[in-house]
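The structure appears below as C-alpha cells.
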Amino acid sequence: MSLTNFPGAGVSHTGNPVTKVTMPALAEMKRQGKPISALTAYDYATSRLVDEAGIDMVLVGDSLAMVVLGHENTLAVTVDEMLHHTRAVRRAVRRALVVADMPFGSYHGTLSEALANAVRFVKEAGAEAVKIEGPRVELVRALTEAEIPVVGHLGLTPQSVHRMGGYRVQARTADAVERLKADAHVLAEAGAGAIVLEGVPREAAAAITAELAIPTIGIGAGPDCDGQILVFHDLVNLTFAPPAKFVRRYGDAAALIRNAVERYREDVEHRAFPSDEESYHLPESARQALQPKAEATPKLHAVRKA
Ligand code: KIV
C-alpha cells in the first residue's frame, strides 16, 4: 500500500473526505470518554445508511441468521453466508469499523481451522476485525498475532443458547460477576481490541468498563459501557416480535414498508400505476409511423360491405 494513501484518508460515496474508524481509534475514544455508537447491518443499503448516519462500528452480526434469514437462533448461519453479507456491507461502508461475526462452528475446532476461517473474513470480505463469543484466550492471542483485530463477546452469548438453556441474563451473583470480570481481563490481555457485553446487570458491566483499558460495547448491559450496540432490525421494528427490555425502537420500518407496498398494490389493481408521465414514449416521428393510414380504413370497410 502507498504510504500516502492510508485508509484513514478515505472518501465518502458523495466525494467528501472521511476519517476511517479503526480499532485503535475506538481505544482512543475510550481514553477521551467519547461514547462509541455501534449497530449491526447485513446488506448494502442499510449499512450505507448506518455509515452515513455516523455510526462508529458496523457489526455484520450472526443475528442475520434470525433477522435476515428467518432461522430460530443464530446457530445455522454458515461462514459462506456470513462472507456474502460482509462483502455487501464492506462495499457500502466508508467510515465505520467493519467487524464480522464468526459464526457457530467456525472457531470451535482447532486453532488453525479458526485462524483460516478468520483470515477468510479479512481477505475475501474486507472485514477489519472479527468477533468471537466466549473467553477463548488462546484463539484471541493467535488471531492478534496473525494481525487480525478481535472483538470479544461475553455475558449472554447467543451461540451458547443450548448450554444456557435459553437467552437469559448472565452474571447475576457476585461470584458470577467476578468470573465475568476475570474473563474480560484475560481477553484484554490476550489482545482483544474491544469486548461486547451482552445481557448482564448494569453493575457488572460498569465494573468491567471501569477496570479495562479497552472499550466495552454493551447490549442489554446498561448505560455505563464505553459504547452501545443494537441489532438494526430491533431499532427500526423489523423483527416481528415484542422487543427485549433493552431495545429502544427509533423508527417503524414495518409500518412504512407495509403502507408503501399496500398503496402500490392498490394502485396496480386500479390501473393508477404507472401514469403516462411514468411511461417511456416514442419520438413523434416513430409515433406517426405507427398511426393507422387514414385512407386504409374506408377501403377495408368498403371491402367488407361488398
Ligand atoms: O450478532 C449480533 O447481532 C451480535 C450483537 C447482539 C452484539 O452479536
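By order in the C-alpha cells, chains are A, B, ...; within a chain, residues start at 1; ligands start at 1, following the order shown.
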
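Near ligand 1, at distances of 6 Å or less and with only C-alpha atoms and all ligand atoms counted, sit the residues Thr40, Gly61, Asp62, Ser63 and Val231 of chain A.
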
query: Could you name the residues that touch Thr173 of chain A at 12 Å or less, counting only C-alpha atoms, but leaving out those on the same chain fewer than 3 positions away, as a ChimeraX atom specification?
result: /A:169-170,176-180,200-201,203-204

Export of prior selection with C-alpha atoms as a CSV table (one decimal), in the first residue's frame:
```csv
chain,number,residue,atom,x,y,z
A,169,VAL,CA,-29.4,-12.5,31.7
A,170,GLN,CA,-25.9,-13.7,32.9
A,176,ALA,CA,-20.5,-14.9,38.6
A,177,VAL,CA,-19.6,-11.2,38.2
A,178,GLU,CA,-16.1,-12.0,39.4
A,179,ARG,CA,-15.8,-14.8,36.8
A,180,LEU,CA,-17.0,-12.4,34.1
A,200,VAL,CA,-25.5,-8.6,32.1
A,201,PRO,CA,-26.5,-6.5,35.0
A,203,GLU,CA,-23.4,-3.0,37.8
A,204,ALA,CA,-21.3,-5.9,36.4
```

Tell me, which residues of segment 60-288 of chain A carry DSSP alpha helix (DSSP H), written as an NGL selection string?
:A and (64-67 or 79-92 or 111-125 or 137-145 or 161-164 or 174-190 or 202-211 or 232-235 or 253-269 or 284-288)

Compile the contact shell of Ala100 of chain A as a VMD selection string: residues with an atom at most 8 Å away, counting only C-alpha atoms, same-chain residues fewer than 5 positions apart removed.
chain A and resid 59 to 61 82 86 121 127 to 131

Save the residues we just selected, C-alpha atoms, as a compact mmCIF listing (two decimals), in the first residue's frame?
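Generated file (selection_9.txt):
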```txt
# COMPACT_ATOMS: atom_id res chain seq x y z
CA LEU A 59 -21.11 -5.42 13.05
CA VAL A 60 -22.15 -7.99 10.48
CA GLY A 61 -23.69 -10.00 13.29
CA MET A 82 -21.55 -14.51 6.63
CA THR A 86 -19.87 -8.98 4.96
CA PHE A 121 -13.24 -12.71 6.61
CA ALA A 127 -13.58 -7.27 7.49
CA GLU A 128 -11.37 -5.10 9.71
CA ALA A 129 -11.93 -7.23 12.82
CA VAL A 130 -13.72 -10.44 13.76
CA LYS A 131 -15.93 -11.05 16.77
```

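The closest residue to Lys34 of chain A, picked from A:Ser275, A:Thr74, A:Gln228, A:Thr110 and counting only C-alpha atoms, is A:Gln228.
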
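Excluding segment 155-162 of chain A itself and same-chain residues fewer than 2 positions from it, the residues having an atom within 7 Å of it are A:Thr74, A:Leu75, A:Phe104, A:Glu133, A:Gly134, A:His153, A:Met164, A:Gly165, A:Gly166, A:Tyr167, A:Arg168, A:Val169, A:Gln170, A:Ala171, A:Leu197, A:Glu198, A:Gly199, A:Val200, counting only C-alpha atoms.
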
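Here atom CA of Leu111 of chain A and atom CA of Lys123 of chain A stand 18.0 Å from one another.
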
Using only C-alpha atoms, the best pick from A:Val68, A:Ala182, A:Ala88, A:Ala254 as closest to Arg48 of chain A would be A:Ala88

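The space between atom CA of Gly220 of chain A and atom CA of Arg202 of chain A spans 8.2 Å.
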
As a count of residues only, please: all residues of segment 10-191 of chain A that backbone DSSP puts in strand (DSSP E).
30
